[in-house]
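The file upload_23.json contains JSON, C-alpha atoms and all ligand atoms:
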[["chain", "number", "residue", "atom", "x", "y", "z"],
["A", 1, "MET", "CA", 103.53, 102.89, 102.12],
["A", 2, "ARG", "CA", 105.44, 105.71, 100.43],
["A", 3, "ILE", "CA", 103.41, 108.76, 99.42],
["A", 4, "THR", "CA", 104.89, 111.33, 97.05],
["A", 5, "ILE", "CA", 103.08, 114.65, 96.69],
["A", 6, "LEU", "CA", 103.18, 115.27, 92.93],
["A", 7, "GLY", "CA", 101.28, 118.52, 93.16],
["A", 8, "SER", "CA", 100.00, 120.84, 95.88],
["A", 9, "ALA", "CA", 97.95, 123.50, 94.06],
["A", 10, "ALA", "CA", 94.28, 124.10, 93.44],
["A", 11, "ALA", "CA", 92.84, 124.36, 89.94],
["A", 12, "GLU", "CA", 94.93, 127.11, 88.34],
["A", 13, "ALA", "CA", 98.33, 126.18, 89.88],
["A", 14, "VAL", "CA", 100.79, 128.60, 91.54],
["A", 15, "PRO", "CA", 101.98, 130.89, 90.07],
["A", 16, "SER", "CA", 98.88, 130.94, 87.94],
["A", 17, "LEU", "CA", 98.94, 131.59, 84.25],
["A", 18, "TRP", "CA", 97.72, 135.13, 83.62],
["A", 19, "CYS", "CA", 97.61, 136.13, 87.29],
["A", 20, "ARG", "CA", 99.27, 139.31, 88.55],
["A", 21, "CYS", "CA", 98.51, 138.90, 92.26],
["A", 22, "GLU", "CA", 101.23, 139.36, 94.89],
["A", 23, "VAL", "CA", 101.46, 135.63, 95.76],
["A", 24, "CYS", "CA", 101.97, 134.70, 92.11],
["A", 25, "ARG", "CA", 104.54, 137.47, 91.68],
["A", 26, "ILE", "CA", 106.57, 136.31, 94.71],
["A", 27, "ALA", "CA", 106.15, 132.62, 93.81],
["A", 28, "ARG", "CA", 107.72, 133.36, 90.41],
["A", 29, "GLN", "CA", 110.69, 134.93, 92.22],
["A", 30, "ASN", "CA", 111.01, 132.33, 95.01],
["A", 31, "GLY", "CA", 110.51, 129.13, 93.03],
["A", 32, "GLY", "CA", 111.06, 126.06, 95.22],
["A", 33, "LYS", "CA", 108.17, 125.16, 97.48],
["A", 34, "ASP", "CA", 106.13, 128.13, 96.24],
["A", 35, "LEU", "CA", 105.83, 126.57, 92.77],
["A", 36, "ARG", "CA", 102.78, 124.32, 92.89],
["A", 37, "ARG", "CA", 101.47, 121.97, 90.25],
["A", 38, "ARG", "CA", 97.94, 120.59, 90.27],
["A", 39, "THR", "CA", 97.27, 118.22, 93.19],
["A", 40, "SER", "CA", 98.07, 114.56, 92.65],
["A", 41, "TYR", "CA", 99.91, 111.79, 94.54],
["A", 42, "LEU", "CA", 101.98, 108.73, 93.81],
["A", 43, "ILE", "CA", 101.56, 105.80, 96.23],
["A", 44, "ASP", "CA", 104.58, 103.51, 96.18],
["A", 45, "ARG", "CA", 105.29, 102.93, 92.48],
["A", 46, "ASP", "CA", 101.99, 101.53, 91.25],
["A", 47, "THR", "CA", 99.16, 103.92, 92.17],
["A", 48, "MET", "CA", 98.34, 107.52, 91.31],
["A", 49, "ILE", "CA", 95.67, 109.60, 92.99],
["A", 50, "ASP", "CA", 94.23, 111.86, 90.29],
["A", 51, "PHE", "CA", 95.75, 112.53, 86.89],
["A", 52, "GLY", "CA", 95.50, 116.21, 85.99],
["A", 53, "PRO", "CA", 96.93, 118.72, 83.53],
["A", 54, "ASP", "CA", 100.46, 118.47, 85.00],
["A", 55, "ALA", "CA", 100.70, 114.67, 84.79],
["A", 56, "PHE", "CA", 103.36, 114.74, 82.08],
["A", 57, "TRP", "CA", 105.96, 116.67, 84.10],
["A", 58, "GLN", "CA", 104.90, 115.10, 87.38],
["A", 59, "SER", "CA", 105.48, 111.62, 86.00],
["A", 60, "TRP", "CA", 108.89, 112.68, 84.69],
["A", 61, "THR", "CA", 110.14, 114.30, 87.90],
["A", 62, "ALA", "CA", 108.83, 111.45, 90.08],
["A", 63, "GLY", "CA", 110.36, 108.82, 87.78],
["A", 64, "ILE", "CA", 107.05, 107.04, 87.17],
["A", 65, "LEU", "CA", 107.46, 104.00, 84.95],
["A", 66, "TRP", "CA", 104.29, 103.18, 83.05],
["A", 67, "GLU", "CA", 104.89, 99.44, 83.27],
["A", 68, "GLU", "CA", 104.85, 99.80, 87.08],
["A", 69, "LEU", "CA", 101.73, 101.97, 87.27],
["A", 70, "LYS", "CA", 98.70, 99.71, 87.77],
["A", 71, "GLN", "CA", 95.91, 102.03, 88.87],
["A", 72, "ILE", "CA", 94.64, 105.60, 89.08],
["A", 73, "ILE", "CA", 92.13, 106.55, 91.77],
["A", 74, "PHE", "CA", 90.11, 109.67, 90.97],
["A", 75, "THR", "CA", 88.70, 111.94, 93.66],
["A", 76, "HIS", "CA", 86.42, 113.80, 91.24],
["A", 77, "GLN", "CA", 86.05, 115.04, 87.68],
["A", 78, "HIS", "CA", 87.16, 118.69, 88.03],
["A", 79, "SER", "CA", 89.68, 119.52, 85.32],
["A", 80, "ASP", "CA", 92.57, 120.02, 87.77],
["A", 81, "HIS", "CA", 92.20, 116.37, 88.87],
["A", 82, "CYS", "CA", 91.03, 114.52, 85.78],
["A", 83, "ASN", "CA", 92.55, 115.13, 82.35],
["A", 84, "PRO", "CA", 91.08, 112.60, 79.90],
["A", 85, "VAL", "CA", 93.10, 114.02, 77.00],
["A", 86, "GLU", "CA", 96.40, 112.90, 78.55],
["A", 87, "LEU", "CA", 94.88, 109.52, 79.42],
["A", 88, "GLY", "CA", 93.76, 109.24, 75.81],
["A", 89, "TRP", "CA", 97.35, 109.00, 74.58],
["A", 90, "ARG", "CA", 97.24, 105.39, 75.78],
["A", 91, "ARG", "CA", 95.37, 104.72, 72.53],
["A", 92, "LYS", "CA", 96.71, 102.47, 69.84],
["A", 93, "GLY", "CA", 98.51, 104.57, 67.23],
["A", 94, "PHE", "CA", 99.87, 106.95, 69.91],
["A", 95, "ALA", "CA", 101.32, 104.75, 72.67],
["A", 96, "GLN", "CA", 102.83, 101.44, 71.69],
["A", 97, "ASN", "CA", 101.96, 98.51, 73.96],
["A", 98, "ALA", "CA", 100.36, 100.70, 76.63],
["A", 99, "PRO", "CA", 100.17, 98.62, 79.82],
["A", 100, "ALA", "CA", 96.85, 97.64, 81.39],
["A", 101, "LEU", "CA", 95.33, 100.24, 83.72],
["A", 102, "THR", "CA", 92.53, 100.13, 86.27],
["A", 103, "ILE", "CA", 90.67, 103.39, 86.88],
["A", 104, "TYR", "CA", 88.75, 103.88, 90.13],
["A", 105, "GLY", "CA", 86.24, 106.65, 90.69],
["A", 106, "SER", "CA", 82.57, 107.54, 90.88],
["A", 107, "PRO", "CA", 80.44, 106.91, 87.75],
["A", 108, "GLU", "CA", 80.89, 110.63, 87.00],
["A", 109, "ILE", "CA", 84.57, 110.03, 86.11],
["A", 110, "ARG", "CA", 83.82, 107.73, 83.20],
["A", 111, "LYS", "CA", 80.96, 109.98, 82.04],
["A", 112, "TYR", "CA", 83.26, 113.03, 82.07],
["A", 113, "CYS", "CA", 86.04, 111.18, 80.20],
["A", 114, "GLU", "CA", 83.53, 110.05, 77.57],
["A", 115, "ILE", "CA", 82.20, 113.60, 77.09],
["A", 116, "ILE", "CA", 85.69, 115.08, 76.65],
["A", 117, "MET", "CA", 86.80, 112.29, 74.27],
["A", 118, "GLY", "CA", 83.64, 112.83, 72.22],
["A", 119, "LYS", "CA", 84.37, 116.55, 71.86],
["A", 120, "THR", "CA", 87.88, 115.92, 70.52],
["A", 121, "ASP", "CA", 89.40, 113.85, 67.74],
["A", 122, "MET", "CA", 89.97, 111.15, 70.38],
["A", 123, "LYS", "CA", 86.40, 109.90, 69.92],
["A", 124, "SER", "CA", 85.66, 107.55, 72.83],
["A", 125, "VAL", "CA", 87.05, 105.93, 75.98],
["A", 126, "ALA", "CA", 86.11, 102.66, 74.31],
["A", 127, "LEU", "CA", 89.32, 103.06, 72.26],
["A", 128, "TRP", "CA", 91.52, 103.04, 75.39],
["A", 129, "PRO", "CA", 93.24, 99.66, 75.46],
["A", 130, "ASP", "CA", 93.29, 97.30, 78.46],
["A", 131, "THR", "CA", 91.31, 99.68, 80.68],
["A", 132, "THR", "CA", 89.22, 98.42, 83.58],
["A", 133, "TRP", "CA", 86.75, 100.82, 85.20],
["A", 134, "VAL", "CA", 85.80, 100.27, 88.82],
["A", 135, "GLU", "CA", 83.21, 102.40, 90.62],
["A", 136, "PRO", "CA", 83.65, 102.04, 94.38],
["A", 137, "GLU", "CA", 80.54, 102.37, 96.49],
["A", 138, "ASN", "CA", 80.83, 104.74, 99.46],
["A", 139, "GLY", "CA", 81.41, 102.81, 102.69],
["A", 140, "VAL", "CA", 82.13, 99.47, 101.00],
["A", 141, "PRO", "CA", 85.82, 98.41, 101.16],
["A", 142, "LEU", "CA", 87.24, 97.22, 97.88],
["A", 143, "GLN", "CA", 90.38, 95.15, 97.20],
["A", 144, "ALA", "CA", 92.48, 96.82, 94.54],
["A", 145, "HIS", "CA", 96.06, 96.03, 93.47],
["A", 146, "ASN", "CA", 97.60, 95.03, 96.82],
["A", 147, "MET", "CA", 95.56, 97.80, 98.50],
["A", 148, "GLU", "CA", 92.17, 98.36, 100.13],
["A", 149, "ILE", "CA", 90.17, 101.32, 98.84],
["A", 150, "PHE", "CA", 87.43, 102.78, 101.05],
["A", 151, "SER", "CA", 85.33, 105.57, 99.56],
["A", 152, "ILE", "CA", 83.74, 108.46, 101.51],
["A", 153, "PRO", "CA", 81.42, 111.19, 100.15],
["A", 154, "ALA", "CA", 83.28, 114.53, 99.90],
["A", 155, "ARG", "CA", 81.58, 117.91, 100.42],
["A", 156, "HIS", "CA", 82.45, 119.49, 97.09],
["A", 157, "SER", "CA", 80.92, 121.16, 94.05],
["A", 158, "ALA", "CA", 81.59, 118.25, 91.67],
["A", 159, "GLU", "CA", 78.81, 115.67, 91.57],
["A", 160, "ASP", "CA", 79.61, 112.51, 93.58],
["A", 161, "ALA", "CA", 83.10, 113.71, 94.62],
["A", 162, "ARG", "CA", 84.97, 111.23, 96.80],
["A", 163, "ASN", "CA", 87.50, 111.10, 99.60],
["A", 164, "TYR", "CA", 89.34, 107.83, 100.25],
["A", 165, "ILE", "CA", 91.08, 105.73, 102.84],
["A", 166, "LEU", "CA", 93.84, 103.69, 101.19],
["A", 167, "THR", "CA", 95.28, 100.83, 103.22],
["A", 168, "ARG", "CA", 98.38, 98.80, 102.40],
["A", 169, "ASP", "CA", 100.73, 96.72, 104.57],
["A", 170, "GLY", "CA", 98.82, 97.67, 107.72],
["A", 171, "LYS", "CA", 99.06, 101.45, 107.14],
["A", 172, "SER", "CA", 96.15, 103.72, 106.22],
["A", 173, "LEU", "CA", 96.12, 107.07, 104.44],
["A", 174, "LEU", "CA", 93.07, 109.34, 104.32],
["A", 175, "ILE", "CA", 92.85, 111.68, 101.30],
["A", 176, "ALA", "CA", 90.37, 114.44, 102.25],
["A", 177, "HIS", "CA", 90.26, 116.93, 99.41],
["A", 178, "ASP", "CA", 88.64, 118.46, 97.51],
["A", 179, "SER", "CA", 86.18, 118.80, 100.36],
["A", 180, "GLY", "CA", 84.81, 121.21, 102.88],
["A", 181, "PHE", "CA", 84.29, 120.20, 106.50],
["A", 182, "TRP", "CA", 82.54, 116.84, 106.18],
["A", 183, "THR", "CA", 78.80, 116.33, 106.40],
["A", 184, "GLU", "CA", 77.29, 113.90, 108.93],
["A", 185, "GLU", "CA", 76.96, 111.39, 106.07],
["A", 186, "ALA", "CA", 80.75, 111.36, 105.67],
["A", 187, "TRP", "CA", 81.40, 111.12, 109.42],
["A", 188, "ASN", "CA", 78.94, 108.21, 109.62],
["A", 189, "THR", "CA", 80.60, 106.48, 106.65],
["A", 190, "ILE", "CA", 84.06, 106.61, 108.22],
["A", 191, "ALA", "CA", 82.94, 105.77, 111.79],
["A", 192, "GLY", "CA", 84.98, 102.97, 113.36],
["A", 193, "ARG", "CA", 87.95, 103.32, 111.01],
["A", 194, "THR", "CA", 91.40, 104.59, 111.96],
["A", 195, "VAL", "CA", 94.15, 106.11, 109.84],
["A", 196, "ASP", "CA", 97.89, 106.76, 110.27],
["A", 197, "CYS", "CA", 97.93, 109.86, 108.09],
["A", 198, "VAL", "CA", 95.48, 112.41, 106.71],
["A", 199, "ILE", "CA", 96.08, 114.80, 103.83],
["A", 200, "PHE", "CA", 93.29, 117.38, 103.89],
["A", 201, "ASP", "CA", 92.09, 120.43, 101.94],
["A", 202, "GLY", "CA", 93.76, 123.81, 102.50],
["A", 203, "THR", "CA", 92.52, 125.61, 99.38],
["A", 204, "CYS", "CA", 91.29, 128.84, 100.96],
["A", 205, "ALA", "CA", 94.40, 129.10, 103.18],
["A", 206, "LEU", "CA", 94.87, 132.09, 105.47],
["A", 207, "LYS", "CA", 92.88, 134.76, 103.67],
["A", 208, "PHE", "CA", 89.60, 132.85, 103.80],
["A", 209, "ALA", "CA", 90.39, 130.84, 106.93],
["A", 210, "ASP", "CA", 86.74, 130.19, 107.87],
["A", 211, "VAL", "CA", 85.52, 128.66, 104.60],
["A", 212, "GLU", "CA", 84.02, 125.24, 105.28],
["A", 213, "ASP", "CA", 81.79, 124.49, 102.28],
["A", 214, "GLY", "CA", 83.33, 122.90, 99.17],
["A", 215, "HIS", "CA", 86.87, 123.61, 100.32],
["A", 216, "MET", "CA", 88.50, 124.51, 103.65],
["A", 217, "GLY", "CA", 90.23, 127.58, 104.97],
["A", 218, "ALA", "CA", 93.12, 127.25, 107.42],
["A", 219, "ALA", "CA", 91.07, 127.55, 110.63],
["A", 220, "VAL", "CA", 88.51, 125.02, 109.41],
["A", 221, "GLY", "CA", 91.34, 122.67, 108.44],
["A", 222, "VAL", "CA", 92.64, 122.72, 112.01],
["A", 223, "ARG", "CA", 89.09, 122.05, 113.25],
["A", 224, "PHE", "CA", 88.77, 119.15, 110.77],
["A", 225, "ARG", "CA", 92.04, 117.58, 112.03],
["A", 226, "ASP", "CA", 90.88, 118.07, 115.64],
["A", 227, "GLU", "CA", 87.56, 116.36, 114.84],
["A", 228, "LEU", "CA", 89.42, 113.38, 113.32],
["A", 229, "LEU", "CA", 91.41, 113.08, 116.56],
["A", 230, "LYS", "CA", 88.34, 113.54, 118.77],
["A", 231, "ARG", "CA", 86.46, 110.78, 116.98],
["A", 232, "GLY", "CA", 89.49, 108.45, 117.19],
["A", 233, "ILE", "CA", 89.83, 108.29, 113.39],
["A", 234, "LEU", "CA", 93.30, 109.84, 113.18],
["A", 235, "LYS", "CA", 95.62, 107.93, 115.53],
["A", 236, "LYS", "CA", 97.05, 110.01, 118.40],
["A", 237, "ASP", "CA", 100.53, 109.90, 116.87],
["A", 238, "GLY", "CA", 99.11, 110.16, 113.34],
["A", 239, "LEU", "CA", 100.42, 112.57, 110.73],
["A", 240, "ALA", "CA", 98.31, 115.50, 109.48],
["A", 241, "ILE", "CA", 99.25, 117.27, 106.26],
["A", 242, "VAL", "CA", 97.39, 120.16, 104.63],
["A", 243, "ASN", "CA", 97.51, 120.42, 100.82],
["A", 244, "HIS", "CA", 95.78, 121.80, 97.65],
["A", 245, "PHE", "CA", 96.35, 125.57, 97.91],
["A", 246, "SER", "CA", 94.97, 128.42, 95.84],
["A", 247, "HIS", "CA", 97.04, 131.58, 95.28],
["A", 248, "ASN", "CA", 93.79, 133.42, 96.03],
["A", 249, "GLY", "CA", 94.22, 132.27, 99.65],
["A", 250, "ASN", "CA", 97.07, 134.77, 99.70],
["A", 251, "SER", "CA", 99.57, 132.44, 101.40],
["A", 252, "LEU", "CA", 103.11, 131.39, 100.54],
["A", 253, "GLN", "CA", 104.74, 128.23, 101.95],
["A", 254, "ALA", "CA", 106.42, 130.16, 104.80],
["A", 255, "ASP", "CA", 103.09, 131.78, 105.80],
["A", 256, "LEU", "CA", 101.36, 128.39, 105.81],
["A", 257, "GLU", "CA", 104.12, 126.75, 107.85],
["A", 258, "ALA", "CA", 104.03, 129.58, 110.40],
["A", 259, "TYR", "CA", 100.28, 129.08, 110.83],
["A", 260, "PHE", "CA", 100.06, 125.28, 110.84],
["A", 261, "ALA", "CA", 103.29, 124.23, 112.64],
["A", 262, "PRO", "CA", 102.04, 125.28, 116.12],
["A", 263, "HIS", "CA", 99.05, 122.97, 115.51],
["A", 264, "GLY", "CA", 101.33, 120.05, 114.66],
["A", 265, "ILE", "CA", 100.24, 120.07, 111.01],
["A", 266, "GLU", "CA", 102.69, 119.76, 108.12],
["A", 267, "VAL", "CA", 102.26, 121.75, 104.91],
["A", 268, "GLY", "CA", 102.37, 119.97, 101.55],
["A", 269, "TYR", "CA", 104.62, 120.97, 98.69],
["A", 270, "ASP", "CA", 105.55, 119.42, 95.35],
["A", 271, "GLY", "CA", 107.99, 116.56, 95.86],
["A", 272, "LYS", "CA", 107.32, 116.00, 99.56],
["A", 273, "VAL", "CA", 107.72, 112.31, 100.43],
["A", 274, "ILE", "CA", 105.94, 110.67, 103.36],
["A", 275, "ASP", "CA", 106.83, 107.15, 104.53],
["A", 276, "LEU", "CA", 104.21, 105.41, 106.67],
["B", 1, "ZN", "ZN", 91.04, 120.69, 93.04],
["B", 2, "ZN", "ZN", 97.75, 134.86, 91.66],
["B", 3, "ZN", "ZN", 87.49, 120.24, 92.76]]
Take the structure in the file and give it back as structure tokens.
Ligand SMILES: [Zn+2]
Ligand SMILES: [Zn+2]
Ligand SMILES: [Zn+2]
Amino acid sequence: MRITILGSAAAEAVPSLWCRCEVCRIARQNGGKDLRRRTSYLIDRDTMIDFGPDAFWQSWTAGILWEELKQIIFTHQHSDHCNPVELGWRRKGFAQNAPALTIYGSPEIRKYCEIIMGKTDMKSVALWPDTTWVEPENGVPLQAHNMEIFSIPARHSAEDARNYILTRDGKSLLIAHDSGFWTEEAWNTIAGRTVDCVIFDGTCALKFADVEDGHMGAAVGVRFRDELLKRGILKKDGLAIVNHFSHNGNSLQADLEAYFAPHGIEVGYDGKVIDL
């Protein structure tokens, strides 16, 4: 399984439009790993996790071919993760021969897409061609395109937000954002499963290191990874990567690496590729 990090920022990206904070100022100067688009991933060539406001440039830089993309798995309906307007260009009259697409997510995803379409000239998701909607139930494994999807309840402000274990060719990836430190319900849902890699929430970064509700600060992220190890969910030699950063956490890539490296945790950035 090849995972490409298409974006590593929280909602307003880094450097943020309009923002005059020190992190955004330095990020504009530094470029490179300090430029963060909205969080999204490409799995192999056929699956995207989330499809947000940066999907156009992300698809271009990652070389995504639409005829290869079979499915999008949505974590939740916040606007940095789900952009129905860009999905709406699949419509007849805009895209020609748009390939079939399966969309996975909680029932809230389809509801949100329908609301946004209805508020624009794009009218309705019913006009999207060849679209299959699948609503995974938490704790019930589901066979998708050459992949198993296992849904877990996230601790987040969006209704029915999800985390996922994705398994392909004997390797498992846990996506654990946007979420705070999990509730007992989530720990019970995942009990008995193991993963080779976890990518977890680092939104509040170093400035708000102890945040554990809705998102995670850096110290809570380390505790979350430790809990995954303690419960035998993350394999002993498994890979831990922190991702989804807000500029308001007051941390540049070098600051994050200095904090997380001694804990054996890698720090996500746009374009990072992980082979499992
Ligand atoms: Zn987010
Ligand atoms: Zn800023
Ligand atoms: Zn969110």
* Which protein, DNA or RNA residues have an atom at most 9 Å from (87.3, 116.8, 90.6), counting all atoms listed in the file? List them as a list in words. ->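 Nearby residues: Asp50, Phe74, Thr75, His76, Gln77, His78, Ser79, Asp80, His81, Cys82, Ile109, His156, Ser157, Ala158, Glu159, Ala161, Arg162 and Asp178 of chain A.
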* CA of Ile152 (chain A) and CA of Ile165 (chain A), how far apart in Å? -> 7.9 Å
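Using all atoms listed in the file for every distance, the candidate list A:Phe245, A:Phe51, A:Phe260, A:Phe181 yields A:Phe245 as the residue closest to Pro15 (chain A).
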* Asked: What gap, in Å, lies between CA of Leu173 (chain A) and CA of Val195 (chain A)?
  ->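 CA of Val195 (chain A) lies 5.8 Å from CA of Leu173 (chain A).
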* At most 10 Å from ligand ZN 2 (chain B) (only C-alpha atoms and all ligand atoms): residue list as a VMD selection string -> chain A and resid 12 to 27 246 to 250
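Residue neighbourhood of region 117-131 of chain A, excluding near-sequence residues (fewer than 5 positions): Arg91, Ala100, Leu101 and Thr102 of chain A, at 6 Å, using only C-alpha atoms.
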Output file for the selection above: C-alpha atoms, as a compact mmCIF listing (two decimals), keeping the file's coordinate frame:
# COMPACT_ATOMS: atom_id res chain seq x y z
CA ARG A 91 95.37 104.72 72.53
CA ALA A 100 96.85 97.64 81.39
CA LEU A 101 95.33 100.24 83.72
CA THR A 102 92.53 100.13 86.27
